[in-house]
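Visitor: The structure file model24.txt (compact mmCIF, C-alpha atoms) is provided below.
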# COMPACT_ATOMS: atom_id res chain seq x y z
CA ILE A 1 202.11 162.79 -97.17
CA LEU A 2 200.05 161.78 -94.12
CA VAL A 3 199.90 158.18 -95.28
CA LYS A 4 203.67 158.20 -95.75
CA ILE A 5 204.14 159.55 -92.24
CA ASN A 6 201.85 156.89 -90.79
CA THR A 7 203.60 154.16 -92.80
CA ASN A 8 206.97 155.29 -91.47
CA LEU A 9 205.54 155.37 -87.96
CA ALA A 10 204.33 151.79 -88.32
CA ASN A 11 207.82 150.64 -89.28
CA LYS A 12 209.66 152.70 -86.68
CA ASN A 13 211.11 151.28 -83.49
CA ILE A 14 209.67 153.19 -80.55
CA ASN A 15 211.23 153.44 -77.10
CA THR A 16 208.86 151.27 -75.07
CA GLU A 17 210.08 152.87 -71.85
CA GLU A 18 208.52 156.14 -73.00
CA TYR A 19 205.59 154.69 -74.93
CA ASN A 20 203.20 152.54 -72.88
CA VAL A 21 200.61 151.44 -75.42
CA MET A 22 198.51 149.61 -72.84
CA GLU A 23 198.24 152.77 -70.80
CA CYS A 24 197.37 154.82 -73.91
CA ILE A 25 194.64 152.38 -74.93
CA GLN A 26 193.23 152.21 -71.42
CA LYS A 27 193.11 155.99 -71.10
CA ASN A 28 191.38 156.31 -74.46
CA ILE A 29 188.73 153.72 -73.64
CA GLU A 30 188.03 155.30 -70.26
CA ASP A 31 187.78 158.80 -71.74
CA ILE A 32 184.37 158.99 -73.42
CA GLN A 33 185.31 162.39 -74.90
CA SER A 34 188.32 161.03 -76.80
CA ARG A 35 188.39 159.92 -80.42
CA PHE A 36 187.95 156.27 -81.26
CA LEU A 37 191.07 154.13 -81.64
CA LEU A 38 192.89 152.84 -84.70
CA ILE A 39 195.43 150.16 -83.84
CA VAL A 40 198.19 149.29 -86.31
CA ALA A 41 199.50 145.75 -85.88
CA LYS A 42 200.04 142.46 -87.66
CA GLU A 43 196.62 141.17 -88.72
CA SER A 44 197.11 137.67 -87.33
CA LEU A 45 198.12 138.93 -83.88
CA SER A 46 196.18 142.15 -83.22
CA PRO A 47 192.83 140.63 -82.08
CA ALA A 48 194.56 138.52 -79.43
CA LEU A 49 196.68 141.43 -78.22
CA ILE A 50 193.71 143.80 -77.97
CA ARG A 51 191.68 141.17 -76.16
CA TYR A 52 194.50 140.84 -73.66
CA VAL A 53 194.44 144.59 -73.01
CA LEU A 54 190.64 144.72 -72.70
CA GLU A 55 190.35 141.68 -70.46
CA LYS A 56 193.16 143.00 -68.27
CA ASN A 57 191.04 146.11 -67.79
CA ARG A 58 187.79 144.12 -67.43
CA LYS A 59 186.11 145.57 -70.47
CA GLU A 60 183.16 143.97 -72.26
CA TYR A 61 183.89 143.71 -75.97
CA LYS A 62 182.77 142.35 -79.32
CA PHE A 63 185.04 141.46 -82.24
CA LEU A 64 183.85 141.48 -85.86
CA LYS A 65 186.07 140.56 -88.80
CA GLY A 66 184.96 141.23 -92.35
CA SER A 67 184.73 138.58 -95.03
CA GLN A 68 187.08 139.06 -97.97
CA LEU A 69 185.02 136.90 -100.33
CA GLU A 70 183.99 138.91 -103.38
CA GLY A 71 180.46 137.51 -103.15
CA ASP A 72 180.08 138.91 -99.62
CA ILE A 73 181.73 142.23 -100.39
CA GLN A 74 179.33 142.84 -103.28
CA ASN A 75 176.30 141.49 -101.39
CA GLN A 76 174.18 144.26 -99.87
CA SER A 77 172.43 141.78 -97.58
CA TYR A 78 175.78 140.90 -96.01
CA SER A 79 176.56 144.60 -95.45
CA VAL A 80 173.15 145.16 -93.88
CA ASP A 81 173.69 142.19 -91.53
CA ILE A 82 177.07 143.57 -90.41
CA LEU A 83 175.66 147.07 -89.90
CA ASN A 84 172.83 145.61 -87.79
CA LYS A 85 175.41 143.91 -85.55
CA ILE A 86 177.33 147.16 -85.27
CA GLN A 87 174.15 149.07 -84.37
CA ILE A 88 173.39 146.59 -81.59
CA ALA A 89 176.92 147.03 -80.22
CA MET A 90 176.58 150.82 -80.34
CA GLU A 91 173.68 150.63 -77.91
CA LYS A 92 175.73 148.85 -75.27
CA LYS A 93 178.45 149.76 -72.78
CA GLU A 94 181.12 147.80 -74.61
CA VAL A 95 184.15 148.06 -76.88
CA LEU A 96 183.60 147.09 -80.52
CA MET A 97 186.64 145.87 -82.47
CA LEU A 98 186.36 145.97 -86.26
CA GLN A 99 188.83 144.43 -88.70
CA SER A 100 188.89 144.17 -92.51
CA PHE A 101 185.71 146.16 -93.19
CA ASP A 102 186.99 148.68 -95.73
CA TYR A 103 183.74 148.28 -97.69
CA ILE A 104 181.66 149.00 -94.56
CA TYR A 105 183.57 151.91 -93.03
CA PRO A 106 182.15 154.58 -95.40
CA SER A 107 178.71 153.82 -93.91
CA LEU A 108 180.04 154.68 -90.46
CA TYR A 109 181.75 158.01 -91.07
CA ASP A 110 179.37 159.95 -88.81
CA LEU A 111 179.98 157.44 -86.04
CA PHE A 112 183.76 157.57 -86.50
CA ASN A 113 183.64 161.37 -86.55
CA GLN A 114 181.44 161.27 -83.45
CA ASN A 115 179.09 163.54 -85.35
CA TYR A 116 176.06 162.83 -83.20
CA THR A 117 172.52 164.16 -83.29
CA GLU A 118 170.75 164.46 -79.95
CA ILE A 119 167.25 163.01 -79.92
CA GLY A 120 165.33 162.96 -76.64
CA GLY A 121 168.53 163.65 -74.73
CA LYS A 122 170.29 160.66 -76.29
CA LYS A 123 173.12 160.54 -78.82
CA ASN A 124 172.38 159.17 -82.27
CA ALA A 125 174.64 158.57 -85.26
CA ARG A 126 173.64 158.32 -88.91
CA ILE A 127 174.34 154.95 -90.53
CA ALA A 128 174.43 155.15 -94.32
CA LEU A 129 173.93 152.31 -96.78
CA GLY A 130 174.27 153.48 -100.35
CA THR A 131 173.20 157.00 -101.35
CA SER A 132 169.60 156.93 -100.17
CA ASN A 133 169.23 154.41 -97.34
CA ASN A 134 170.09 156.15 -94.06
CA SER A 135 169.10 155.40 -90.50
CA SER A 136 169.76 157.01 -87.14
CA SER A 137 171.04 154.74 -84.37
CA PHE A 138 171.35 155.27 -80.62
CA VAL A 139 174.93 155.45 -79.27
CA ASN A 140 175.58 154.52 -75.65
CA ASP A 141 177.62 157.16 -73.80
CA ASN A 142 180.17 154.48 -72.86
CA PHE A 143 180.42 152.84 -76.28
CA ARG A 144 183.95 152.71 -77.70
CA CYS A 145 185.19 151.57 -81.09
CA ILE A 146 188.59 150.20 -82.13
CA ILE A 147 189.64 149.72 -85.76
CA LEU A 148 192.31 147.06 -86.26
CA LEU A 149 194.51 147.79 -89.26
CA ASP A 150 197.31 145.62 -90.59
CA SER A 151 200.62 147.45 -90.77
CA GLU A 152 200.89 146.50 -94.45
CA GLU A 153 197.51 148.09 -95.25
CA ILE A 154 197.99 151.53 -93.76
CA LYS A 155 199.54 152.89 -96.97
CA ASN A 156 196.29 152.07 -98.81
CA GLN A 157 194.08 154.11 -96.47
CA ASP A 158 192.81 157.59 -97.26
CA PRO A 159 194.20 160.35 -95.00
CA PRO A 160 190.67 161.59 -94.07
CA PHE A 161 189.86 158.11 -92.76
CA LEU A 162 193.05 157.93 -90.68
CA ASN A 163 192.49 161.43 -89.29
CA ARG A 164 189.28 160.33 -87.58
CA PHE A 165 191.09 158.23 -85.00
CA GLU A 166 193.63 158.26 -82.24
CA LYS A 167 196.33 155.97 -83.63
CA HIS A 168 198.68 153.57 -81.85
CA ILE A 169 201.06 150.77 -82.82
CA LEU A 170 200.66 147.47 -81.03
CA SER A 171 203.13 144.59 -80.79
CA PHE A 172 204.33 142.10 -78.22
CA ASP A 173 207.24 144.48 -77.49
CA TYR A 174 204.80 146.83 -75.75
CA LEU A 175 203.18 144.10 -73.66
CA ILE A 176 206.21 142.22 -72.39
CA ASP A 177 208.54 143.36 -69.64
CA LYS A 178 211.87 144.53 -71.04
CA LYS A 179 213.82 141.86 -69.15
CA TYR A 180 211.90 139.17 -71.06
CA SER A 181 212.23 140.74 -74.51
CA LYS A 182 215.57 139.11 -75.36
CA LEU A 183 214.30 135.72 -74.20
CA LEU A 184 211.23 136.13 -76.40
CA GLU A 185 213.39 137.00 -79.41
CA ASP A 186 215.48 133.87 -78.86
CA VAL A 187 212.38 131.68 -78.56
CA ILE A 188 210.82 133.12 -81.72
CA SER A 189 214.09 132.66 -83.63
CA TYR A 190 214.28 129.04 -82.45
CA ILE A 191 210.68 128.38 -83.53
CA TYR A 192 211.29 129.91 -86.96
CA ASN A 193 214.32 127.67 -87.46
CA ILE A 194 212.31 124.58 -86.57
CA PHE A 195 209.51 125.39 -89.01
CA GLU A 196 211.93 126.32 -91.77
CA LEU A 197 213.58 122.93 -91.43
CA LYS A 198 210.20 121.24 -91.68
CA ASP A 199 209.14 123.49 -94.56
CA ILE A 200 206.11 124.71 -92.62
CA SER A 201 204.88 128.30 -92.70
CA ILE A 202 204.87 129.78 -89.20
CA THR A 203 202.78 132.70 -90.52
CA MET A 204 200.08 130.25 -91.56
CA ILE A 205 200.12 128.65 -88.11
CA LEU A 206 199.86 132.05 -86.37
CA GLU A 207 196.91 132.98 -88.60
CA GLN A 208 195.19 129.66 -87.85
CA ASN A 209 195.60 130.27 -84.13
CA ALA A 210 194.24 133.78 -84.51
CA MET A 211 191.20 132.37 -86.33
CA MET A 212 190.65 129.95 -83.45
CA LEU A 213 190.70 132.86 -81.04
CA ASN A 214 188.01 134.60 -83.10
CA ILE A 215 185.47 131.74 -82.74
Here is a file; write its structure as structure tokens.

Guide:
Amino acid sequence: ILVKINTNLANKNINTEEYNVMECIQKNIEDIQSRFLLIVAKESLSPALIRYVLEKNRKEYKFLKGSQLEGDIQNQSYSVDILNKIQIAMEKKEVLMLQSFDYIYPSLYDLFNQNYTEIGGKKNARIALGTSNNSSSFVNDNFRCIILLDSEEIKNQDPPFLNRFEKHILSFDYLIDKKYSKLLEDVISYIYNIFELKDISITMILEQNAMMLNI
């Protein structure tokens, strides 16, 4: 039921005059007592949009995107390398953005739950790899985490996973002044018509640009 509700929410038009997603994200990041964020958006656009929000608010950040190659997904060495990068980020005063790491997230449940153990006056979170390999990692008081989830994938997520986060929907509609929204729609429609005439996939081009932004 919860997944259905979240799926409907992702497809619902929200009154942007009442819902300021930039303000919600900023408040969450500034509030170290709040839950971590889960942002629902189109996969090819969400990293760029989040970067815009973070840079606007002068936040240091790191973006990691998971490989979808079966060889990497099944390779424990790859998982260990990713978890090491996450642990390094946890120690810093920065925002960590994670995308397409469904096979890594179970190792981070204590972190996502903010279920910390205090050692020497410092917060630590358990990082699990498999059933027997666990380690405790320091968590900076100002560390924040954002999960980027494609709007088409939310229906495949387990409700307990979704419940760990403060959830928001992100699109250009929430970042652009209302008076420019109609102009943007016209421009996008014009671009789509051009690419359709040339038999070129605009989605592919957007994804390629997103990949360039990730370098």

Visitor: Quick one: residues within 7 Å of (186.3, 144.7, -85.2) (file frame), counting only C-alpha atoms, please, as an NGL selection string.

Guide: :A and (63-65 or 96-99 or 146-148)

Visitor: Name the closest residue to Gln114 (chain A) among the candidates A:Leu69, A:Leu49, A:Leu54, A:Ile32; distances are taken between atoms, counting all atoms listed in the file.

Guide: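 Comparing A:Leu69, A:Leu49, A:Leu54, A:Ile32 against Gln114 (chain A), the winner is A:Ile32.
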
Visitor: To one decimal place, how far is CA of Ile82 (chain A) from CA of Ala125 (chain A) in Å?

Guide: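 Result for CA of Ile82 (chain A) versus CA of Ala125 (chain A): 16.0 Å, one decimal.
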
Visitor: Just the number, please: distance in Å from CA of Gly66 (chain A) to CA of Gln33 (chain A), one decimal.

Guide: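 Here the two named atoms are 27.4 Å from each other.
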
Visitor: Select, from A:Ala128, A:Cys145, A:Ile29, A:Val80, the residue with the minimum atom-to-atom distance to Lys62 (chain A), counting all atoms listed in the file.

Guide: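 Among the listed residues, A:Cys145 lies closest to Lys62 (chain A).
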
Visitor: Taking into account all atoms listed in the file, which residue in the set A:Lys92, A:Lys155, A:Lys42, A:Lys167 is nearest to Asn28 (chain A)?

Guide: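 Checking each of A:Lys92, A:Lys155, A:Lys42, A:Lys167 against Asn28 (chain A), counting all atoms listed in the file, the winner is A:Lys167.
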
Visitor: Could you work out how far CA of Leu149 (chain A) lies from CA of Lys56 (chain A), giving the answer in Å with one decimal?

Guide: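 CA of Leu149 (chain A) lies at a distance of 21.6 Å from CA of Lys56 (chain A).
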
Visitor: Starting from the point (182.8, 156.7, -84.9), work out which residues of protein, DNA or RNA have an atom no more than 9 Å away when counting all atoms listed in the file; state them as JSON, numbers by chain.

Guide: {"A": [35, 36, 108, 109, 110, 111, 112, 113, 114, 115, 125, 144, 145, 164, 165]}
